[in-house]
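Below is data.csv, holding CSV, N, CA and C atoms.
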```
chain,number,residue,atom,x,y,z
A,1,MET,N,-2.6,-84.5,-33.7
A,1,MET,CA,-1.4,-83.9,-34.2
A,1,MET,C,-1.0,-82.7,-33.4
A,2,GLN,N,0.2,-82.7,-33.1
A,2,GLN,CA,0.7,-81.6,-32.3
A,2,GLN,C,1.7,-80.9,-33.2
A,3,GLY,N,1.6,-79.5,-33.1
A,3,GLY,CA,2.5,-78.7,-33.9
A,3,GLY,C,3.8,-78.4,-33.1
A,4,PRO,N,4.6,-77.6,-33.7
A,4,PRO,CA,5.8,-77.3,-33.0
A,4,PRO,C,5.5,-76.5,-31.8
A,5,VAL,N,6.2,-76.7,-30.8
A,5,VAL,CA,6.1,-75.9,-29.5
A,5,VAL,C,6.7,-74.6,-29.6
A,6,ILE,N,5.9,-73.5,-29.3
A,6,ILE,CA,6.4,-72.1,-29.4
A,6,ILE,C,7.0,-71.8,-28.0
A,7,ALA,N,8.2,-71.4,-28.1
A,7,ALA,CA,8.9,-71.0,-26.9
A,7,ALA,C,8.4,-69.7,-26.3
A,8,PRO,N,8.3,-69.5,-25.0
A,8,PRO,CA,7.9,-68.3,-24.5
A,8,PRO,C,8.9,-67.2,-24.8
A,9,PRO,N,8.4,-65.9,-24.8
A,9,PRO,CA,9.3,-64.8,-25.1
A,9,PRO,C,10.4,-64.7,-24.0
A,10,PRO,N,11.5,-64.2,-24.3
A,10,PRO,CA,12.6,-64.1,-23.3
A,10,PRO,C,12.2,-62.9,-22.4
A,11,PRO,N,12.6,-63.0,-21.1
A,11,PRO,CA,12.3,-62.0,-20.2
A,11,PRO,C,13.0,-60.7,-20.6
A,12,GLY,N,12.4,-59.5,-20.2
A,12,GLY,CA,12.9,-58.2,-20.5
A,12,GLY,C,11.9,-57.3,-21.1
A,13,PHE,N,12.0,-56.9,-22.3
A,13,PHE,CA,11.2,-55.9,-22.9
A,13,PHE,C,9.8,-56.5,-23.3
A,14,ASP,N,8.7,-56.0,-22.8
A,14,ASP,CA,7.4,-56.4,-23.2
A,14,ASP,C,6.6,-55.2,-23.8
A,15,VAL,N,6.3,-55.3,-25.1
A,15,VAL,CA,5.6,-54.2,-25.8
A,15,VAL,C,4.2,-54.0,-25.2
A,16,THR,N,3.5,-55.0,-24.9
A,16,THR,CA,2.1,-54.9,-24.4
A,16,THR,C,2.1,-54.2,-23.1
A,17,PHE,N,3.0,-54.6,-22.2
A,17,PHE,CA,3.1,-53.9,-20.9
A,17,PHE,C,3.4,-52.4,-21.1
A,18,LEU,N,4.3,-52.1,-21.9
A,18,LEU,CA,4.7,-50.7,-22.2
A,18,LEU,C,3.5,-49.9,-22.7
A,19,LEU,N,2.7,-50.5,-23.6
A,19,LEU,CA,1.6,-49.8,-24.2
A,19,LEU,C,0.5,-49.5,-23.1
A,20,VAL,N,0.3,-50.5,-22.3
A,20,VAL,CA,-0.7,-50.4,-21.2
A,20,VAL,C,-0.3,-49.3,-20.3
A,21,ARG,N,0.9,-49.2,-20.0
A,21,ARG,CA,1.4,-48.2,-19.0
A,21,ARG,C,1.4,-46.8,-19.7
A,22,LEU,N,1.7,-46.7,-20.9
A,22,LEU,CA,1.8,-45.4,-21.6
A,22,LEU,C,0.5,-44.8,-22.1
A,23,ALA,N,-0.5,-45.6,-22.3
A,23,ALA,CA,-1.8,-45.1,-22.9
A,23,ALA,C,-2.4,-44.0,-22.0
A,24,PRO,N,-2.5,-44.2,-20.7
A,24,PRO,CA,-3.1,-43.1,-19.9
A,24,PRO,C,-2.3,-41.8,-19.9
A,25,ILE,N,-1.0,-42.0,-19.9
A,25,ILE,CA,-0.2,-40.8,-19.9
A,25,ILE,C,-0.3,-40.0,-21.3
A,26,LEU,N,-0.3,-40.8,-22.4
A,26,LEU,CA,-0.5,-40.1,-23.7
A,26,LEU,C,-1.9,-39.5,-23.8
A,27,ALA,N,-2.9,-40.1,-23.2
A,27,ALA,CA,-4.3,-39.6,-23.2
A,27,ALA,C,-4.3,-38.3,-22.5
A,28,PHE,N,-3.7,-38.2,-21.3
A,28,PHE,CA,-3.6,-37.0,-20.5
A,28,PHE,C,-2.9,-35.9,-21.2
A,29,VAL,N,-1.8,-36.2,-21.9
A,29,VAL,CA,-1.1,-35.2,-22.6
A,29,VAL,C,-2.0,-34.6,-23.8
A,30,ALA,N,-2.7,-35.5,-24.4
A,30,ALA,CA,-3.6,-35.1,-25.5
A,30,ALA,C,-4.7,-34.2,-25.0
A,31,VAL,N,-5.3,-34.5,-23.9
A,31,VAL,CA,-6.4,-33.7,-23.3
A,31,VAL,C,-5.8,-32.3,-22.9
A,32,VAL,N,-4.7,-32.3,-22.3
A,32,VAL,CA,-4.1,-31.0,-21.9
A,32,VAL,C,-3.8,-30.2,-23.1
A,33,GLY,N,-3.3,-30.8,-24.1
A,33,GLY,CA,-3.0,-30.1,-25.4
A,33,GLY,C,-4.2,-29.5,-26.0
A,34,VAL,N,-5.3,-30.2,-26.0
A,34,VAL,CA,-6.6,-29.7,-26.6
A,34,VAL,C,-7.1,-28.6,-25.7
A,35,LEU,N,-7.0,-28.7,-24.4
A,35,LEU,CA,-7.5,-27.6,-23.5
A,35,LEU,C,-6.6,-26.4,-23.7
A,36,ALA,N,-5.3,-26.5,-23.9
A,36,ALA,CA,-4.5,-25.4,-24.1
A,36,ALA,C,-4.8,-24.7,-25.4
A,37,VAL,N,-5.0,-25.4,-26.5
A,37,VAL,CA,-5.3,-24.8,-27.8
A,37,VAL,C,-6.7,-24.1,-27.7
A,38,THR,N,-7.7,-24.7,-27.0
A,38,THR,CA,-9.0,-24.1,-26.8
A,38,THR,C,-8.9,-22.8,-26.0
A,39,ALA,N,-8.1,-22.8,-24.9
A,39,ALA,CA,-8.0,-21.6,-24.1
A,39,ALA,C,-7.3,-20.5,-24.9
A,40,ARG,N,-6.3,-20.9,-25.7
A,40,ARG,CA,-5.6,-19.9,-26.5
A,40,ARG,C,-6.5,-19.3,-27.5
A,41,TRP,N,-7.3,-20.1,-28.1
A,41,TRP,CA,-8.3,-19.6,-29.1
A,41,TRP,C,-9.3,-18.7,-28.4
A,42,LEU,N,-9.8,-19.1,-27.3
A,42,LEU,CA,-10.9,-18.3,-26.6
A,42,LEU,C,-10.3,-17.0,-26.1
A,43,PHE,N,-9.1,-17.0,-25.5
A,43,PHE,CA,-8.6,-15.7,-25.1
A,43,PHE,C,-8.1,-14.8,-26.2
A,44,GLY,N,-7.9,-15.4,-27.3
A,44,GLY,CA,-7.4,-14.6,-28.5
A,44,GLY,C,-8.6,-14.0,-29.2
A,45,ALA,N,-9.8,-14.5,-28.9
A,45,ALA,CA,-11.0,-14.0,-29.6
A,45,ALA,C,-11.6,-12.8,-28.9
A,46,ALA,N,-12.8,-12.4,-29.3
A,46,ALA,CA,-13.5,-11.2,-28.7
A,46,ALA,C,-13.8,-11.5,-27.3
A,47,VAL,N,-14.1,-12.7,-26.9
A,47,VAL,CA,-14.4,-13.0,-25.5
A,47,VAL,C,-13.2,-12.7,-24.6
A,48,GLY,N,-12.1,-13.1,-25.1
A,48,GLY,CA,-10.8,-12.8,-24.3
A,48,GLY,C,-10.6,-11.3,-24.2
A,49,ASP,N,-10.8,-10.6,-25.3
A,49,ASP,CA,-10.7,-9.1,-25.2
A,49,ASP,C,-11.6,-8.5,-24.2
A,50,ALA,N,-12.9,-8.9,-24.2
A,50,ALA,CA,-13.8,-8.4,-23.3
A,50,ALA,C,-13.4,-8.7,-21.9
A,51,LEU,N,-13.0,-10.0,-21.6
A,51,LEU,CA,-12.5,-10.4,-20.3
A,51,LEU,C,-11.3,-9.5,-19.8
A,52,ALA,N,-10.4,-9.3,-20.7
A,52,ALA,CA,-9.2,-8.5,-20.4
A,52,ALA,C,-9.6,-7.0,-20.1
A,53,GLU,N,-10.6,-6.5,-20.8
A,53,GLU,CA,-11.0,-5.1,-20.5
A,53,GLU,C,-11.7,-5.0,-19.2
A,54,ARG,N,-12.5,-6.1,-18.9
A,54,ARG,CA,-13.2,-6.1,-17.6
A,54,ARG,C,-12.2,-6.2,-16.4
A,55,ILE,N,-11.1,-6.9,-16.6
A,55,ILE,CA,-10.1,-7.1,-15.6
A,55,ILE,C,-9.4,-5.7,-15.4
A,56,ARG,N,-9.1,-5.1,-16.5
A,56,ARG,CA,-8.4,-3.8,-16.5
A,56,ARG,C,-9.2,-2.7,-15.7
A,57,GLN,N,-10.5,-2.7,-15.9
A,57,GLN,CA,-11.3,-1.7,-15.2
A,57,GLN,C,-11.5,-2.0,-13.8
A,58,GLY,N,-11.4,-3.3,-13.4
A,58,GLY,CA,-11.5,-3.7,-12.0
A,58,GLY,C,-12.7,-3.3,-11.3
A,59,SER,N,-12.6,-3.0,-10.0
A,59,SER,CA,-13.8,-2.7,-9.2
A,59,SER,C,-14.1,-1.2,-9.2
A,60,ARG,N,-13.3,-0.4,-10.0
A,60,ARG,CA,-13.6,1.0,-10.1
A,60,ARG,C,-14.9,1.3,-10.8
A,61,ARG,N,-15.3,0.4,-11.6
A,61,ARG,CA,-16.5,0.7,-12.4
A,61,ARG,C,-17.7,0.1,-11.6
A,62,ARG,N,-18.7,1.0,-11.3
A,62,ARG,CA,-19.9,0.7,-10.6
A,62,ARG,C,-21.0,0.6,-11.6
A,63,ARG,N,-21.8,-0.5,-11.4
A,63,ARG,CA,-23.0,-0.7,-12.3
A,63,ARG,C,-24.2,-0.9,-11.4
A,64,HIS,N,-25.3,-0.3,-11.7
A,64,HIS,CA,-26.5,-0.3,-11.0
A,64,HIS,C,-27.6,-1.1,-11.8
A,65,TRP,N,-28.3,-1.9,-11.1
A,65,TRP,CA,-29.4,-2.7,-11.8
A,65,TRP,C,-30.7,-1.9,-11.7
A,66,LYS,N,-31.4,-1.7,-12.8
A,66,LYS,CA,-32.6,-0.9,-12.8
A,66,LYS,C,-33.8,-1.8,-12.4
A,67,GLY,N,-33.7,-3.1,-12.3
A,67,GLY,CA,-34.8,-3.9,-11.9
A,67,GLY,C,-35.1,-5.0,-13.0
A,68,PHE,N,-36.1,-5.7,-12.7
A,68,PHE,CA,-36.5,-6.8,-13.7
A,68,PHE,C,-36.9,-6.1,-15.0
A,69,GLY,N,-36.5,-6.6,-16.1
A,69,GLY,CA,-36.8,-6.1,-17.4
A,69,GLY,C,-36.0,-4.9,-17.7
A,70,GLY,N,-35.1,-4.5,-16.8
A,70,GLY,CA,-34.3,-3.3,-17.1
A,70,GLY,C,-33.0,-3.6,-17.6
A,71,GLU,N,-32.1,-2.7,-17.5
A,71,GLU,CA,-30.7,-2.9,-18.0
A,71,GLU,C,-29.7,-2.5,-17.0
A,72,TRP,N,-28.5,-2.7,-17.2
A,72,TRP,CA,-27.4,-2.2,-16.3
A,72,TRP,C,-27.2,-0.8,-16.6
A,73,SER,N,-26.9,0.0,-15.6
A,73,SER,CA,-26.7,1.4,-15.8
A,73,SER,C,-25.4,1.7,-15.1
A,74,ASP,N,-24.5,2.5,-15.7
A,74,ASP,CA,-23.2,2.8,-15.2
A,74,ASP,C,-23.2,4.1,-14.4
A,75,THR,N,-24.2,5.0,-14.6
A,75,THR,CA,-24.2,6.3,-13.9
A,75,THR,C,-25.6,6.5,-13.3
A,76,PRO,N,-25.6,7.3,-12.3
A,76,PRO,CA,-26.9,7.6,-11.7
A,76,PRO,C,-27.8,8.4,-12.8
A,77,LYS,N,-29.0,8.1,-12.8
A,77,LYS,CA,-29.9,8.7,-13.8
A,77,LYS,C,-30.7,9.9,-13.3
A,78,THR,N,-31.0,9.8,-12.0
A,78,THR,CA,-31.9,10.9,-11.5
A,78,THR,C,-31.0,12.0,-10.8
A,79,GLU,N,-31.6,13.2,-10.6
A,79,GLU,CA,-30.9,14.3,-10.0
A,79,GLU,C,-30.6,14.0,-8.5
A,80,GLY,N,-31.6,13.3,-7.9
A,80,GLY,CA,-31.4,12.9,-6.5
A,80,GLY,C,-30.2,12.0,-6.3
A,81,GLU,N,-30.0,11.0,-7.2
A,81,GLU,CA,-28.9,10.1,-7.0
A,81,GLU,C,-27.6,10.9,-7.2
A,82,SER,N,-27.6,11.8,-8.2
A,82,SER,CA,-26.3,12.6,-8.4
A,82,SER,C,-26.0,13.4,-7.2
A,83,ALA,N,-27.0,14.0,-6.6
A,83,ALA,CA,-26.8,14.9,-5.4
A,83,ALA,C,-26.3,14.0,-4.3
A,84,ARG,N,-26.8,12.8,-4.1
A,84,ARG,CA,-26.4,11.9,-3.1
A,84,ARG,C,-25.0,11.4,-3.2
A,85,VAL,N,-24.6,11.1,-4.5
A,85,VAL,CA,-23.3,10.7,-4.7
A,85,VAL,C,-22.3,11.9,-4.5
A,86,ALA,N,-22.7,13.1,-4.8
A,86,ALA,CA,-21.8,14.2,-4.6
A,86,ALA,C,-21.6,14.5,-3.1
A,87,ALA,N,-22.7,14.3,-2.3
A,87,ALA,CA,-22.7,14.5,-0.9
A,87,ALA,C,-21.8,13.4,-0.2
A,88,LEU,N,-21.9,12.2,-0.7
A,88,LEU,CA,-21.1,11.1,-0.2
A,88,LEU,C,-19.6,11.4,-0.5
A,89,GLU,N,-19.3,11.8,-1.7
A,89,GLU,CA,-17.9,12.1,-2.1
A,89,GLU,C,-17.3,13.2,-1.2
A,90,GLU,N,-18.2,14.2,-0.9
A,90,GLU,CA,-17.7,15.3,0.0
A,90,GLU,C,-17.4,14.8,1.4
A,91,GLN,N,-18.3,13.9,1.9
A,91,GLN,CA,-18.1,13.4,3.2
A,91,GLN,C,-16.9,12.5,3.3
A,92,VAL,N,-16.6,11.7,2.2
A,92,VAL,CA,-15.4,10.9,2.2
A,92,VAL,C,-14.1,11.8,2.2
A,93,HIS,N,-14.2,12.9,1.5
A,93,HIS,CA,-13.1,13.8,1.4
A,93,HIS,C,-12.8,14.5,2.8
A,94,MET,N,-13.9,14.8,3.5
A,94,MET,CA,-13.8,15.4,4.8
A,94,MET,C,-13.2,14.4,5.8
A,95,LEU,N,-13.7,13.1,5.7
A,95,LEU,CA,-13.1,12.1,6.6
A,95,LEU,C,-11.7,11.8,6.3
A,96,ASN,N,-11.3,11.9,5.1
A,96,ASN,CA,-9.8,11.7,4.7
A,96,ASN,C,-9.0,12.8,5.3
A,97,THR,N,-9.5,14.0,5.3
A,97,THR,CA,-8.8,15.2,5.9
A,97,THR,C,-8.7,15.0,7.4
A,98,GLN,N,-9.7,14.6,8.1
A,98,GLN,CA,-9.7,14.4,9.5
A,98,GLN,C,-8.7,13.3,9.9
A,99,VAL,N,-8.7,12.2,9.1
A,99,VAL,CA,-7.8,11.1,9.4
A,99,VAL,C,-6.3,11.5,9.2
A,100,SER,N,-6.0,12.3,8.2
A,100,SER,CA,-4.7,12.8,8.0
A,100,SER,C,-4.3,13.8,9.2
A,101,GLU,N,-5.2,14.6,9.6
A,101,GLU,CA,-4.9,15.5,10.8
A,101,GLU,C,-4.6,14.7,12.0
A,102,LEU,N,-5.4,13.6,12.3
A,102,LEU,CA,-5.2,12.8,13.4
A,102,LEU,C,-3.9,12.1,13.4
A,103,ALA,N,-3.5,11.6,12.2
A,103,ALA,CA,-2.2,11.0,12.0
A,103,ALA,C,-1.1,11.9,12.3
A,104,GLU,N,-1.2,13.2,11.9
A,104,GLU,CA,-0.1,14.2,12.3
A,104,GLU,C,-0.1,14.4,13.8
A,105,ARG,N,-1.2,14.5,14.4
A,105,ARG,CA,-1.2,14.7,15.9
A,105,ARG,C,-0.6,13.5,16.6
A,106,LEU,N,-0.9,12.3,16.1
A,106,LEU,CA,-0.4,11.1,16.7
A,106,LEU,C,1.2,11.0,16.6
A,107,ASP,N,1.7,11.4,15.4
A,107,ASP,CA,3.1,11.5,15.2
A,107,ASP,C,3.8,12.5,16.1
A,108,PHE,N,3.1,13.6,16.3
A,108,PHE,CA,3.6,14.6,17.2
A,108,PHE,C,3.7,14.1,18.6
A,109,ALA,N,2.6,13.5,19.1
A,109,ALA,CA,2.6,12.9,20.4
A,109,ALA,C,3.6,11.8,20.6
A,110,GLU,N,3.8,11.0,19.6
A,110,GLU,CA,4.9,10.0,19.7
A,110,GLU,C,6.2,10.6,19.8
A,111,ARG,N,6.5,11.6,19.1
A,111,ARG,CA,7.8,12.3,19.2
A,111,ARG,C,8.0,12.9,20.5
A,112,MET,N,7.0,13.5,21.1
A,112,MET,CA,7.1,14.2,22.4
A,112,MET,C,7.4,13.1,23.5
A,113,LEU,N,6.7,12.0,23.4
A,113,LEU,CA,6.9,10.9,24.4
A,113,LEU,C,8.3,10.3,24.2
A,114,ALA,N,8.8,10.2,23.0
A,114,ALA,CA,10.1,9.6,22.8
A,114,ALA,C,11.2,10.6,23.3
A,115,GLU,N,11.0,11.9,23.2
A,115,GLU,CA,12.0,12.9,23.7
A,115,GLU,C,12.0,12.8,25.2
A,116,ARG,N,10.8,12.7,25.8
A,116,ARG,CA,10.7,12.7,27.3
A,116,ARG,C,11.4,11.4,27.8
A,117,ARG,N,11.2,10.3,27.1
A,117,ARG,CA,11.8,9.0,27.5
A,117,ARG,C,13.3,9.1,27.4
A,118,GLU,N,13.8,9.8,26.4
A,118,GLU,CA,15.3,9.9,26.2
A,118,GLU,C,15.8,10.8,27.3
A,119,ARG,N,15.1,11.9,27.7
A,119,ARG,CA,15.6,12.7,28.7
A,119,ARG,C,15.7,12.0,30.1
A,120,LYS,N,14.7,11.1,30.3
A,120,LYS,CA,14.7,10.4,31.6
A,120,LYS,C,15.8,9.4,31.6
A,121,LEU,N,16.0,8.7,30.5
A,121,LEU,CA,17.1,7.7,30.4
A,121,LEU,C,18.5,8.4,30.5
A,122,GLY,N,18.6,9.6,29.9
A,122,GLY,CA,19.8,10.3,29.9
A,122,GLY,C,20.2,10.8,31.4
A,123,ALA,N,19.2,11.0,32.2
A,123,ALA,CA,19.4,11.5,33.5
A,123,ALA,C,19.6,10.4,34.5
A,124,GLY,N,19.6,9.2,34.1
A,124,GLY,CA,19.9,8.1,35.0
A,124,GLY,C,18.7,7.1,35.0
A,125,GLY,N,17.7,7.4,34.3
A,125,GLY,CA,16.6,6.4,34.3
A,125,GLY,C,15.7,6.4,35.5
A,126,PRO,N,14.7,5.6,35.5
A,126,PRO,CA,13.8,5.6,36.7
A,126,PRO,C,14.4,5.0,37.9
A,127,HIS,N,15.4,4.1,37.8
A,127,HIS,CA,16.0,3.4,38.9
A,127,HIS,C,17.4,3.9,39.3
A,128,GLY,N,17.9,4.8,38.5
A,128,GLY,CA,19.2,5.3,38.8
A,128,GLY,C,20.3,4.4,38.3
A,129,ASN,N,21.6,4.8,38.5
A,129,ASN,CA,22.7,3.9,38.1
A,129,ASN,C,23.1,3.1,39.3
A,130,LEU,N,23.2,1.8,39.1
A,130,LEU,CA,23.6,0.9,40.3
A,130,LEU,C,25.0,0.6,40.2
```
Please re-express this file's structure in structure tokens.
Amino acid sequence: MQGPVIAPPPPGFDVTFLLVRLAPILAFVAVVGVLAVTARWLFGAAVGDALAERIRQGSRRRRHWKGFGGEWSDTPKTEGESARVAALEEQVHMLNTQVSELAERLDFAERMLAERRERKLGAGGPHGNL
């Protein structure tokens, strides 16, 4: 016994093909959404506040390690370390002063050379007027 012959679907819109093509895109959008919600929750929590504070402080904050079994220390603990830091700060200040003086001398020398060059060019230049 043969039953009625089922005609093939007409060409055009195929729901199965559409679902196969859209499934990976929808999965990607769902994963990105979950990641976005998780990141928003994380950065809104205490971890996010701590991370933001660390970024605000930047590299200005120096921390020293006391060794195994020790803790992080933000400031020098011994008198020798404090004296060394003070000496280094004084040396940096002295070097900054020397660099600024050298910059002023260089500017002066450049101005003098420029004036000399202008006087030469005003007098006809090194080759004269042809």
Exercise for review: Enumerate the residues of segment 3-120 of chain A with a DSSP assignment of strand (DSSP E or B), computed from the backbone, and present them as a PyMOL selection string.
Suggested key: chain A and resi 64-65+72-73
For segment 86-105 of chain A, take all atoms listed in the file, fit an axis-aligned box around them, add 8 Å to each of the six sides, then output centre and edge lengths in Å rounded to one decimal, as AutoDock Vina command-line options.
```
--center_x -11.4 --center_y 13.2 --center_z 5.9 --size_x 38.6 --size_y 20.6 --size_z 37.4
```
Point to revise | One-decimal distance in Å that lies between atom N of Phe28 of chain A and atom C of Arg40 of chain A | key: 20.1 Å
Take segment 82-94 of chain A, bring it up to N, CA, C and O atoms, and give me the output as a PDB file, in the frame of the given file.
```
ATOM      1  N   SER A  82     -27.600  11.800  -8.200  1.00  0.00           N
ATOM      2  CA  SER A  82     -26.300  12.600  -8.400  1.00  0.00           C
ATOM      3  C   SER A  82     -26.000  13.400  -7.200  1.00  0.00           C
ATOM      4  O   SER A  82     -24.824  13.525  -6.814  1.00  0.00           O
ATOM      5  N   ALA A  83     -27.000  14.000  -6.600  1.00  0.00           N
ATOM      6  CA  ALA A  83     -26.800  14.900  -5.400  1.00  0.00           C
ATOM      7  C   ALA A  83     -26.300  14.000  -4.300  1.00  0.00           C
ATOM      8  O   ALA A  83     -25.385  14.393  -3.505  1.00  0.00           O
ATOM      9  N   ARG A  84     -26.800  12.800  -4.100  1.00  0.00           N
ATOM     10  CA  ARG A  84     -26.400  11.900  -3.100  1.00  0.00           C
ATOM     11  C   ARG A  84     -25.000  11.400  -3.200  1.00  0.00           C
ATOM     12  O   ARG A  84     -24.216  11.408  -2.279  1.00  0.00           O
ATOM     13  N   VAL A  85     -24.600  11.100  -4.500  1.00  0.00           N
ATOM     14  CA  VAL A  85     -23.300  10.700  -4.700  1.00  0.00           C
ATOM     15  C   VAL A  85     -22.300  11.900  -4.500  1.00  0.00           C
ATOM     16  O   VAL A  85     -21.238  11.668  -3.848  1.00  0.00           O
ATOM     17  N   ALA A  86     -22.700  13.100  -4.800  1.00  0.00           N
ATOM     18  CA  ALA A  86     -21.800  14.200  -4.600  1.00  0.00           C
ATOM     19  C   ALA A  86     -21.600  14.500  -3.100  1.00  0.00           C
ATOM     20  O   ALA A  86     -20.541  14.771  -2.579  1.00  0.00           O
ATOM     21  N   ALA A  87     -22.700  14.300  -2.300  1.00  0.00           N
ATOM     22  CA  ALA A  87     -22.700  14.500  -0.900  1.00  0.00           C
ATOM     23  C   ALA A  87     -21.800  13.400  -0.200  1.00  0.00           C
ATOM     24  O   ALA A  87     -20.990  13.723   0.681  1.00  0.00           O
ATOM     25  N   LEU A  88     -21.900  12.200  -0.700  1.00  0.00           N
ATOM     26  CA  LEU A  88     -21.100  11.100  -0.200  1.00  0.00           C
ATOM     27  C   LEU A  88     -19.600  11.400  -0.500  1.00  0.00           C
ATOM     28  O   LEU A  88     -18.706  11.100   0.346  1.00  0.00           O
ATOM     29  N   GLU A  89     -19.300  11.800  -1.700  1.00  0.00           N
ATOM     30  CA  GLU A  89     -17.900  12.100  -2.100  1.00  0.00           C
ATOM     31  C   GLU A  89     -17.300  13.200  -1.200  1.00  0.00           C
ATOM     32  O   GLU A  89     -16.193  13.158  -0.753  1.00  0.00           O
ATOM     33  N   GLU A  90     -18.200  14.200  -0.900  1.00  0.00           N
ATOM     34  CA  GLU A  90     -17.700  15.300   0.000  1.00  0.00           C
ATOM     35  C   GLU A  90     -17.400  14.800   1.400  1.00  0.00           C
ATOM     36  O   GLU A  90     -16.450  15.187   2.018  1.00  0.00           O
ATOM     37  N   GLN A  91     -18.300  13.900   1.900  1.00  0.00           N
ATOM     38  CA  GLN A  91     -18.100  13.400   3.200  1.00  0.00           C
ATOM     39  C   GLN A  91     -16.900  12.500   3.300  1.00  0.00           C
ATOM     40  O   GLN A  91     -16.106  12.580   4.249  1.00  0.00           O
ATOM     41  N   VAL A  92     -16.600  11.700   2.200  1.00  0.00           N
ATOM     42  CA  VAL A  92     -15.400  10.900   2.200  1.00  0.00           C
ATOM     43  C   VAL A  92     -14.100  11.800   2.200  1.00  0.00           C
ATOM     44  O   VAL A  92     -13.159  11.557   2.901  1.00  0.00           O
ATOM     45  N   HIS A  93     -14.200  12.900   1.500  1.00  0.00           N
ATOM     46  CA  HIS A  93     -13.100  13.800   1.400  1.00  0.00           C
ATOM     47  C   HIS A  93     -12.800  14.500   2.800  1.00  0.00           C
ATOM     48  O   HIS A  93     -11.691  14.566   3.272  1.00  0.00           O
ATOM     49  N   MET A  94     -13.900  14.800   3.500  1.00  0.00           N
ATOM     50  CA  MET A  94     -13.800  15.400   4.800  1.00  0.00           C
ATOM     51  C   MET A  94     -13.200  14.400   5.800  1.00  0.00           C
ATOM     52  O   MET A  94     -12.361  14.725   6.618  1.00  0.00           O
TER      53      MET A  94
END
```
